[in-house]
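Asker: I'm passing along target.cif; it holds mmCIF, N, CA and C atoms and all ligand atoms.
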data_run
loop_
_atom_site.label_atom_id
_atom_site.label_comp_id
_atom_site.auth_asym_id
_atom_site.auth_seq_id
_atom_site.Cartn_x
_atom_site.Cartn_y
_atom_site.Cartn_z
N MET A 1 -0.36 11.00 -64.47
CA MET A 1 -1.19 10.21 -63.59
C MET A 1 -1.14 10.84 -62.21
N ASP A 2 -2.30 10.97 -61.65
CA ASP A 2 -2.43 11.59 -60.33
C ASP A 2 -2.28 10.55 -59.23
N LYS A 3 -1.20 10.66 -58.46
CA LYS A 3 -0.97 9.70 -57.38
C LYS A 3 -1.45 10.29 -56.07
N LYS A 4 -2.34 9.55 -55.39
CA LYS A 4 -2.89 10.03 -54.13
C LYS A 4 -1.94 9.69 -52.98
N ILE A 5 -1.65 10.66 -52.18
CA ILE A 5 -0.78 10.45 -51.03
C ILE A 5 -1.60 9.84 -49.90
N GLU A 6 -1.17 8.67 -49.44
CA GLU A 6 -1.91 8.01 -48.36
C GLU A 6 -1.34 8.41 -47.01
N GLY A 7 -2.21 8.40 -46.03
CA GLY A 7 -1.81 8.75 -44.68
C GLY A 7 -3.02 9.20 -43.89
N PHE A 8 -2.78 9.63 -42.66
CA PHE A 8 -3.87 10.08 -41.81
C PHE A 8 -4.11 11.57 -42.02
N THR A 9 -5.35 11.93 -41.93
CA THR A 9 -5.67 13.36 -41.99
C THR A 9 -5.48 13.95 -40.59
N LEU A 10 -5.45 15.24 -40.53
CA LEU A 10 -5.28 15.92 -39.24
C LEU A 10 -6.45 15.59 -38.32
N LEU A 11 -7.65 15.52 -38.86
CA LEU A 11 -8.82 15.22 -38.05
C LEU A 11 -8.73 13.83 -37.44
N GLU A 12 -8.29 12.86 -38.24
CA GLU A 12 -8.13 11.50 -37.71
C GLU A 12 -7.11 11.46 -36.58
N LEU A 13 -6.01 12.14 -36.77
CA LEU A 13 -4.99 12.18 -35.71
C LEU A 13 -5.53 12.83 -34.44
N ILE A 14 -6.29 13.90 -34.60
CA ILE A 14 -6.85 14.58 -33.43
C ILE A 14 -7.81 13.67 -32.69
N VAL A 15 -8.64 12.92 -33.44
CA VAL A 15 -9.59 11.99 -32.81
C VAL A 15 -8.84 10.90 -32.05
N VAL A 16 -7.84 10.30 -32.67
CA VAL A 16 -7.08 9.23 -32.02
C VAL A 16 -6.37 9.74 -30.77
N ILE A 17 -5.74 10.90 -30.88
CA ILE A 17 -5.02 11.46 -29.73
C ILE A 17 -6.01 11.81 -28.61
N SER A 18 -7.19 12.30 -28.99
CA SER A 18 -8.20 12.61 -27.97
C SER A 18 -8.65 11.35 -27.24
N ILE A 19 -8.89 10.28 -28.00
CA ILE A 19 -9.31 9.03 -27.37
C ILE A 19 -8.22 8.51 -26.43
N LEU A 20 -6.97 8.55 -26.87
CA LEU A 20 -5.87 8.11 -26.02
C LEU A 20 -5.77 8.98 -24.76
N GLY A 21 -6.00 10.26 -24.91
CA GLY A 21 -5.97 11.16 -23.75
C GLY A 21 -7.06 10.85 -22.76
N ILE A 22 -8.26 10.56 -23.26
CA ILE A 22 -9.38 10.23 -22.37
C ILE A 22 -9.10 8.91 -21.64
N LEU A 23 -8.61 7.91 -22.37
CA LEU A 23 -8.29 6.63 -21.74
C LEU A 23 -7.21 6.80 -20.67
N THR A 24 -6.21 7.60 -20.96
CA THR A 24 -5.15 7.84 -19.98
C THR A 24 -5.70 8.56 -18.76
N ALA A 25 -6.55 9.55 -18.99
CA ALA A 25 -7.13 10.29 -17.87
C ALA A 25 -7.98 9.38 -16.99
N LEU A 26 -8.59 8.36 -17.56
CA LEU A 26 -9.37 7.42 -16.76
C LEU A 26 -8.48 6.39 -16.07
N ALA A 27 -7.41 5.98 -16.71
CA ALA A 27 -6.60 4.88 -16.18
C ALA A 27 -5.63 5.33 -15.10
N VAL A 28 -5.04 6.50 -15.23
CA VAL A 28 -3.99 6.92 -14.29
C VAL A 28 -4.50 7.03 -12.85
N PRO A 29 -5.65 7.68 -12.59
CA PRO A 29 -6.11 7.73 -11.20
C PRO A 29 -6.40 6.35 -10.61
N ARG A 30 -6.94 5.46 -11.43
CA ARG A 30 -7.20 4.11 -10.93
C ARG A 30 -5.90 3.38 -10.62
N LEU A 31 -4.89 3.59 -11.46
CA LEU A 31 -3.61 2.94 -11.23
C LEU A 31 -2.96 3.47 -9.95
N VAL A 32 -3.02 4.78 -9.76
CA VAL A 32 -2.44 5.38 -8.55
C VAL A 32 -3.19 4.87 -7.32
N ASP A 33 -4.50 4.78 -7.40
CA ASP A 33 -5.31 4.27 -6.29
C ASP A 33 -4.94 2.81 -6.00
N PHE A 34 -4.76 2.04 -7.04
CA PHE A 34 -4.37 0.63 -6.89
C PHE A 34 -3.01 0.52 -6.20
N ILE A 35 -2.07 1.35 -6.61
CA ILE A 35 -0.73 1.31 -6.00
C ILE A 35 -0.82 1.65 -4.52
N HIS A 36 -1.64 2.63 -4.15
CA HIS A 36 -1.79 2.99 -2.74
C HIS A 36 -2.39 1.84 -1.94
N LYS A 37 -3.38 1.17 -2.53
CA LYS A 37 -3.99 0.04 -1.83
C LYS A 37 -3.00 -1.09 -1.64
N VAL A 38 -2.17 -1.34 -2.63
CA VAL A 38 -1.16 -2.39 -2.51
C VAL A 38 -0.15 -2.04 -1.43
N GLU A 39 0.30 -0.78 -1.40
CA GLU A 39 1.24 -0.35 -0.36
C GLU A 39 0.63 -0.51 1.02
N GLU A 40 -0.63 -0.14 1.15
CA GLU A 40 -1.32 -0.26 2.42
C GLU A 40 -1.44 -1.72 2.84
N SER A 41 -1.74 -2.58 1.88
CA SER A 41 -1.87 -4.00 2.16
C SER A 41 -0.53 -4.61 2.58
N VAL A 42 0.53 -4.23 1.91
CA VAL A 42 1.86 -4.73 2.27
C VAL A 42 2.22 -4.27 3.68
N CYS A 43 1.94 -3.01 3.97
CA CYS A 43 2.24 -2.46 5.30
C CYS A 43 1.44 -3.21 6.37
N ALA A 44 0.16 -3.46 6.13
CA ALA A 44 -0.68 -4.15 7.12
C ALA A 44 -0.19 -5.57 7.36
N THR A 45 0.19 -6.25 6.29
CA THR A 45 0.69 -7.63 6.44
C THR A 45 2.00 -7.64 7.22
N ASN A 46 2.88 -6.72 6.88
CA ASN A 46 4.16 -6.65 7.59
C ASN A 46 3.96 -6.29 9.06
N LEU A 47 3.03 -5.37 9.32
CA LEU A 47 2.78 -4.98 10.71
C LEU A 47 2.27 -6.16 11.52
N THR A 48 1.41 -6.97 10.93
CA THR A 48 0.90 -8.15 11.62
C THR A 48 2.04 -9.09 11.98
N ASN A 49 2.93 -9.31 11.04
CA ASN A 49 4.07 -10.21 11.30
C ASN A 49 4.98 -9.63 12.36
N VAL A 50 5.27 -8.34 12.28
CA VAL A 50 6.15 -7.71 13.27
C VAL A 50 5.51 -7.76 14.65
N GLU A 51 4.21 -7.53 14.70
CA GLU A 51 3.50 -7.57 15.98
C GLU A 51 3.63 -8.94 16.63
N ARG A 52 3.42 -9.98 15.86
CA ARG A 52 3.53 -11.34 16.41
C ARG A 52 4.97 -11.64 16.84
N LEU A 53 5.93 -11.28 16.00
CA LEU A 53 7.32 -11.56 16.33
C LEU A 53 7.76 -10.77 17.55
N TYR A 54 7.30 -9.53 17.67
CA TYR A 54 7.68 -8.71 18.81
C TYR A 54 7.06 -9.26 20.09
N SER A 55 5.82 -9.69 20.02
CA SER A 55 5.18 -10.29 21.20
C SER A 55 5.94 -11.55 21.61
N ALA A 56 6.32 -12.36 20.64
CA ALA A 56 7.09 -13.57 20.94
C ALA A 56 8.45 -13.22 21.53
N TYR A 57 9.06 -12.15 21.01
CA TYR A 57 10.36 -11.71 21.52
C TYR A 57 10.25 -11.28 22.97
N LEU A 58 9.19 -10.53 23.29
CA LEU A 58 8.99 -10.08 24.67
C LEU A 58 8.77 -11.26 25.60
N LEU A 59 7.94 -12.21 25.16
CA LEU A 59 7.67 -13.38 26.00
C LEU A 59 8.91 -14.25 26.16
N GLU A 60 9.63 -14.43 25.07
CA GLU A 60 10.80 -15.30 25.10
C GLU A 60 11.88 -14.78 26.05
N ASN A 61 12.06 -13.46 26.02
CA ASN A 61 13.09 -12.87 26.88
C ASN A 61 12.53 -12.42 28.22
N ASN A 62 11.24 -12.63 28.45
CA ASN A 62 10.57 -12.29 29.70
C ASN A 62 10.81 -10.83 30.09
N ILE A 63 10.57 -9.93 29.15
CA ILE A 63 10.75 -8.50 29.40
C ILE A 63 9.47 -7.75 29.05
N GLU A 64 9.35 -6.57 29.63
CA GLU A 64 8.21 -5.71 29.34
C GLU A 64 8.55 -4.80 28.16
N HIS A 65 7.50 -4.30 27.51
CA HIS A 65 7.71 -3.41 26.37
C HIS A 65 8.27 -2.07 26.81
N GLU A 66 9.27 -1.61 26.09
CA GLU A 66 9.77 -0.24 26.21
C GLU A 66 10.04 0.25 24.80
N ASP A 67 9.91 1.54 24.62
CA ASP A 67 10.11 2.09 23.27
C ASP A 67 11.52 1.80 22.75
N SER A 68 12.51 1.87 23.64
CA SER A 68 13.89 1.62 23.19
C SER A 68 14.06 0.17 22.76
N ILE A 69 13.45 -0.75 23.49
CA ILE A 69 13.53 -2.17 23.11
C ILE A 69 12.84 -2.39 21.77
N PHE A 70 11.69 -1.75 21.60
CA PHE A 70 10.96 -1.89 20.33
C PHE A 70 11.77 -1.35 19.17
N ASN A 71 12.38 -0.19 19.35
CA ASN A 71 13.19 0.39 18.27
C ASN A 71 14.40 -0.48 17.95
N GLN A 72 15.05 -1.03 18.97
CA GLN A 72 16.18 -1.93 18.73
C GLN A 72 15.72 -3.17 17.99
N PHE A 73 14.55 -3.68 18.37
CA PHE A 73 14.01 -4.87 17.71
C PHE A 73 13.76 -4.59 16.23
N LEU A 74 13.18 -3.43 15.94
CA LEU A 74 12.91 -3.09 14.54
C LEU A 74 14.20 -2.95 13.73
N ILE A 75 15.17 -2.27 14.30
CA ILE A 75 16.43 -2.04 13.59
C ILE A 75 17.16 -3.36 13.37
N ALA A 76 17.14 -4.23 14.39
CA ALA A 76 17.90 -5.47 14.29
C ALA A 76 17.25 -6.48 13.34
N CYS A 77 15.93 -6.47 13.26
CA CYS A 77 15.26 -7.56 12.55
C CYS A 77 14.68 -7.19 11.19
N PHE A 78 14.41 -5.93 10.96
CA PHE A 78 13.69 -5.59 9.74
C PHE A 78 14.33 -4.42 9.03
N ASN A 79 14.42 -4.54 7.72
CA ASN A 79 14.94 -3.43 6.92
C ASN A 79 13.83 -2.49 6.50
N GLU A 80 12.82 -3.05 5.88
CA GLU A 80 11.75 -2.22 5.33
C GLU A 80 10.41 -2.86 5.64
N ILE A 81 9.62 -2.19 6.46
CA ILE A 81 8.31 -2.74 6.81
C ILE A 81 7.23 -2.03 6.01
N CYS A 82 7.32 -0.72 5.97
CA CYS A 82 6.33 0.07 5.24
C CYS A 82 6.92 0.48 3.89
N PRO A 83 6.20 0.27 2.81
CA PRO A 83 6.73 0.63 1.48
C PRO A 83 6.98 2.12 1.30
N VAL A 84 6.31 2.97 2.10
CA VAL A 84 6.52 4.42 1.97
C VAL A 84 7.25 4.98 3.18
N ASN A 85 7.97 4.09 3.90
CA ASN A 85 8.82 4.48 5.02
C ASN A 85 8.08 5.19 6.14
N GLY A 86 6.96 4.63 6.55
CA GLY A 86 6.24 5.16 7.70
C GLY A 86 7.00 4.85 8.99
N VAL A 87 6.75 5.67 10.00
CA VAL A 87 7.39 5.48 11.30
C VAL A 87 6.45 4.65 12.17
N PHE A 88 7.01 3.69 12.89
CA PHE A 88 6.19 2.76 13.65
C PHE A 88 6.23 3.06 15.12
N SER A 89 5.10 2.82 15.76
CA SER A 89 5.02 2.98 17.20
C SER A 89 4.22 1.82 17.76
N TYR A 90 4.52 1.47 18.99
CA TYR A 90 3.87 0.35 19.66
C TYR A 90 2.97 0.93 20.73
N GLU A 91 1.66 0.74 20.55
CA GLU A 91 0.72 1.31 21.52
C GLU A 91 -0.29 0.25 21.92
N TYR A 92 -0.36 -0.04 23.18
CA TYR A 92 -1.35 -0.96 23.74
C TYR A 92 -1.38 -2.30 22.99
N GLY A 93 -0.23 -2.85 22.75
CA GLY A 93 -0.16 -4.17 22.12
C GLY A 93 -0.32 -4.16 20.61
N GLU A 94 -0.45 -2.99 20.02
CA GLU A 94 -0.57 -2.91 18.56
C GLU A 94 0.51 -2.01 17.99
N ILE A 95 1.01 -2.40 16.84
CA ILE A 95 1.98 -1.57 16.15
C ILE A 95 1.22 -0.73 15.13
N LYS A 96 1.54 0.55 15.10
CA LYS A 96 0.86 1.44 14.16
C LYS A 96 1.88 2.12 13.26
N CYS A 97 1.45 2.35 12.04
CA CYS A 97 2.28 3.03 11.05
C CYS A 97 1.83 4.50 10.99
N SER A 98 2.79 5.40 10.90
CA SER A 98 2.44 6.82 10.88
C SER A 98 1.78 7.23 9.57
N VAL A 99 2.09 6.52 8.50
CA VAL A 99 1.51 6.86 7.19
C VAL A 99 0.15 6.19 7.03
N HIS A 100 0.10 4.90 7.37
CA HIS A 100 -1.13 4.13 7.20
C HIS A 100 -1.80 3.97 8.55
N GLU A 101 -2.29 5.07 9.10
CA GLU A 101 -2.85 5.04 10.45
C GLU A 101 -4.18 4.31 10.51
N ASP A 102 -4.90 4.29 9.40
CA ASP A 102 -6.24 3.71 9.43
C ASP A 102 -6.24 2.19 9.32
N ILE A 103 -5.09 1.61 9.01
CA ILE A 103 -5.07 0.15 8.93
C ILE A 103 -4.74 -0.42 10.29
N SER A 104 -5.10 -1.65 10.47
CA SER A 104 -4.82 -2.32 11.72
C SER A 104 -3.94 -3.51 11.43
N GLY A 105 -3.00 -3.77 12.32
CA GLY A 105 -2.17 -4.94 12.17
C GLY A 105 -2.85 -6.19 12.69
N GLY A 106 -4.04 -6.04 13.23
CA GLY A 106 -4.75 -7.17 13.83
C GLY A 106 -5.47 -8.00 12.79
N ASN A 107 -6.48 -8.69 13.25
CA ASN A 107 -7.18 -9.62 12.37
C ASN A 107 -8.40 -9.00 11.69
N GLU A 108 -8.63 -7.73 11.92
CA GLU A 108 -9.80 -7.11 11.32
C GLU A 108 -9.59 -6.99 9.82
N GLU A 109 -10.56 -7.49 9.08
CA GLU A 109 -10.49 -7.37 7.63
C GLU A 109 -11.64 -6.49 7.17
N GLU A 110 -11.29 -5.55 6.35
CA GLU A 110 -12.31 -4.67 5.81
C GLU A 110 -12.85 -5.26 4.52
N ALA A 111 -14.16 -5.35 4.45
CA ALA A 111 -14.76 -5.93 3.24
C ALA A 111 -14.61 -4.97 2.08
N PRO A 112 -14.23 -5.47 0.92
CA PRO A 112 -14.16 -4.61 -0.26
C PRO A 112 -15.53 -4.07 -0.62
N ASP A 113 -15.53 -2.99 -1.35
CA ASP A 113 -16.79 -2.38 -1.75
C ASP A 113 -17.62 -3.35 -2.59
N ASN A 114 -18.91 -3.21 -2.50
CA ASN A 114 -19.86 -4.00 -3.30
C ASN A 114 -19.83 -5.48 -2.96
N GLU A 115 -19.34 -5.83 -1.80
CA GLU A 115 -19.36 -7.23 -1.40
C GLU A 115 -19.97 -7.35 -0.01
N VAL A 116 -20.57 -8.46 0.24
CA VAL A 116 -21.14 -8.71 1.56
C VAL A 116 -20.00 -9.00 2.53
N PRO A 117 -19.95 -8.32 3.68
CA PRO A 117 -18.86 -8.56 4.62
C PRO A 117 -18.95 -9.95 5.25
N TRP A 118 -17.80 -10.47 5.63
CA TRP A 118 -17.75 -11.76 6.31
C TRP A 118 -18.35 -11.62 7.69
N LEU A 119 -19.08 -12.62 8.11
CA LEU A 119 -19.67 -12.59 9.46
C LEU A 119 -18.83 -13.39 10.42
ZN ZN B 1 2.82 2.04 6.42
#
Produce structure tokens that represent the structure in this file.
Answerer:
Amino acid sequence: MDKKIEGFTLLELIVVISILGILTALAVPRLVDFIHKVEESVCATNLTNVERLYSAYLLENNIEHEDSIFNQFLIACFNEICPVNGVFSYEYGEIKCSVHEDISGGNEEEAPDNEVPWL
């Protein structure tokens, strides 16, 4: 009696592996882009909070901004503000991240693509 061996043929395996490769090639860049957007969002939110707290600190202690005071404030109060360890600077009332320079710690919100911006 002739018993047929069951299993996948080489062609079937090649097709499946090709489909998985294509899906991976499409998904990985989107995932990396998503991770960058999340890091940027976390940094912007943290910068907004630090900006408010630092302004309150300056007002509460009735002192003017100096870079040394700002650096001491950051070291004393915060462990990690930027997820990718950007360096922060205080310029004209705004805190900026060296890595995420294009974001603002202020109230400006950028409208996502394909949506009508808020007025
Ligand atoms: Zn940052």
Asker: Using only C-alpha atoms and all ligand atoms, pick whichever of A:Thr24, A:Asn85, A:Ser18, A:Ser55 has the shortest atom-to-atom distance to ligand ZN 1 (chain B).
Answerer: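 Nearest candidate to ligand ZN 1 (chain B) out of A:Thr24, A:Asn85, A:Ser18, A:Ser55: A:Asn85.
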Asker: Identify which of the residues A:Val84, A:Val15, A:Leu53, A:Leu10 lies closest to ligand ZN 1 (chain B), counting all atoms listed in the file when measuring atom-to-atom distances.
Answerer: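 Result for the nearest residue to ligand ZN 1 (chain B): A:Val84.
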Asker: Taking only C-alpha atoms and all ligand atoms into account, which residues are within 7 Å of ligand ZN 1 (chain B), as a PyMOL selection string?
Answerer: chain A and resi 40+43+82-86+97-100
Asker: Restricting the calculation to only N, CA and C atoms: of A:Leu74, A:Ala25, A:Ile81, A:Ile14, which residue gets closest to Asn46 in chain A?
Answerer: A:Ile81
Asker: When you draw a straight line from CA of Glu91 in chain A to atom N of Phe34 in chain A, how long is it in Å?
Answerer: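 Separation between CA of Glu91 in chain A and atom N of Phe34 in chain A: 29.1 Å.
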